[in-house]
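Visitor: Quick one: this structure, given as structure tokens, is what I'll be asking you about.
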Amino acid sequence: MTTSFGAAHTAIPREPNVLIQRFHGLNSSHSLLLNKRIHVFPDSTSNRPIIRAVSTPVKPDTSTEPKRSKVEIFKEQSNFIRYPLDEELLTDTPNINEAATQMIKFHGSYQQTNRDERGSKSYSFMLRTKNPCGKVSNELYLAMDDLADQFGIGTLRLTTRQTFQLHGVLKKDLKTVMSTIIRSMGSTLGACGDLNRNVLAPAAPLARKDYLFAQETAEDIAALLTPQSGFYYDMWMDGERIMSAEPPHVVKARNDNSRGTNFPDSPEPIYGTQFLPRKFKVAVTVPTDNSVDILTNDIGVVLVSDDNGEPQGFNIYVGGGMGRTHRQEATFPRLAEPIGLCTKGRYIVCSESYCCYTTRKWEKG
């Protein structure tokens, strides 16, 4: 026996489950697709069956949030880059654990092993200084030279980002070396890790207005994006802070949250607990000076001057970088692109805003 179903003119067997694939009651331009199973129930008072439509259950959403990396969790649980490095430095082992290895990068150091040795690993640490626009005092240079002989492997290396690297420091000597650098008016804070690295500028000792202003700009940006929670001095100076006074306009810019860029009431108003998703690089230069590779930085700042050499503003470039992850095609080196002109008094706002944008975009996924 078959039963007619309205205007569909579809023969329906009397079996309990029948799948109707298409309904033709509407015109062809508004055809309606059905994906419902129907059940045929006999009516006790009539020979004609009752047809009821039952919706197919919706499949549950099985998608999950992206898996968080170990480093992201380490940073979140570190009490602003203190734990577990503070505990690991007190142990007698020659190395530090995985989480502390990630944390010490923010202090300007990498744990390394001697790759030429076989069998048991021989651990040491590389320290990198942070010298905005490549400025190094006589006192700091002499201190670094002496530390290389006493606690390193006798070499002092210069990098393409205007910093020193000191290799071969043992774990037991880290605090001595770090504190000596700090007391010699140097710093390794932020020379490695997921935060702003050394800010470049032409190091040429030219007494021109544009060069001097470019160097001043680099120093201001470096000060603006320096971590504020004190973890560096807690670790290496027992909380004693030895640092020069910051320009008032830098302090004002860092504390200004009128654009919603800061983490309110946080020891790190710009970085928060997570800091950045990766290293962040800034460079400043003047036209025709190619001593810094301006387009390979996250922010490139090129000074604009008038005919008399007076600085008027900056052309801003963003999005450059040479980093990539092996076998991940979504990551690739790229050159920075221009986004516009920034007036002389607004460069620090541009730098902070773009750095904060990077942080917020990462946290929101």
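Lettering and numbering for the structure tokens are positional, with chains as A, B, ... in the shown order, residues counted from 1 in each chain, and ligands counted from 1 in the shown order.
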Could you write out, as a list of chain:residue names, all the residues of range 91-139 of chain A that DSSP marks as helix (DSSP H, G or I)?

Guide: A:Glu98, A:Ala99, A:Ala100, A:Thr101, A:Gln102, A:Met103, A:Ile104, A:Lys105, A:Phe106, A:Pro132, A:Cys133, A:Gly134, A:Asn138, A:Glu139

Visitor: Quick one: everything within 9 Å of Thr163 in chain A, counting only C-alpha atoms, minus sequence neighbours fewer than 4 positions away in the same chain. Send it as a PDB file with C-alpha atoms, in the first residue's frame.

Guide:
```
ATOM      1  CA  ARG A 128      73.556  39.850  25.279  1.00  0.00           C
ATOM      2  CA  THR A 129      73.580  43.537  26.138  1.00  0.00           C
ATOM      3  CA  LYS A 130      70.994  46.078  25.094  1.00  0.00           C
ATOM      4  CA  ASN A 131      72.456  49.293  23.691  1.00  0.00           C
ATOM      5  CA  PRO A 132      69.895  51.590  22.014  1.00  0.00           C
ATOM      6  CA  GLY A 134      74.631  51.341  19.561  1.00  0.00           C
ATOM      7  CA  VAL A 136      78.383  52.078  24.683  1.00  0.00           C
ATOM      8  CA  ARG A 157      81.249  39.615  19.982  1.00  0.00           C
ATOM      9  CA  LEU A 158      79.417  42.441  18.235  1.00  0.00           C
ATOM     10  CA  THR A 159      76.036  41.752  16.631  1.00  0.00           C
ATOM     11  CA  ALA A 191      67.928  41.727  24.707  1.00  0.00           C
ATOM     12  CA  ASN A 198      67.412  46.566  21.009  1.00  0.00           C
TER      13      ASN A 198
END
```

Visitor: Please compute the CA of Lys121 in chain A-CA of Cys192 in chain A distance, one decimal, in Å.

Guide: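 So the answer is 23.1 Å.
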
Visitor: Between CA of Asn315 in chain A and CA of Leu341 in chain A, what distance in Å does the model show, to one decimal?

Guide: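 CA of Leu341 in chain A lies at a distance of 4.6 Å from CA of Asn315 in chain A.
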
Visitor: For each of A:Pro227, A:Pro84, A:Gly193, A:Pro202, take the minimum atom-to-atom distance to Phe280 in chain A, counting only C-alpha atoms, then give the residue where this is smallest.

Guide: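 The answer is A:Gly193, which sits nearest to Phe280 in chain A.
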
Visitor: Give me, as a list in words, all polymer residues having an atom no more than 8 Å from range 256-271 of chain A, counting only C-alpha atoms and skipping those fewer than 3 positions away in the same chain.

Guide: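 Once the nearby chain positions are removed, what remains is Leu195, Leu225, Pro227, Gln228, Ser229, Lys252, Ala253, Gln274, Phe275, Leu276, Glu352, Ser353, Cys356, Tyr357 and Thr359 of chain A.
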
Visitor: Rank A:Thr285, A:Trp236, A:Val304, A:Ile339 by their smallest atom-to-atom distance to Tyr211 in chain A, using only C-alpha atoms, and report the top residue only.

Guide: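 The closest residue to Tyr211 in chain A is A:Thr285.
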
Visitor: Would you mind reading off the distance between CA of Met185 in chain A and CA of Lys135 in chain A, one decimal, in Å?

Guide: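 Calculated distance between CA of Met185 in chain A and CA of Lys135 in chain A is 11.3 Å.
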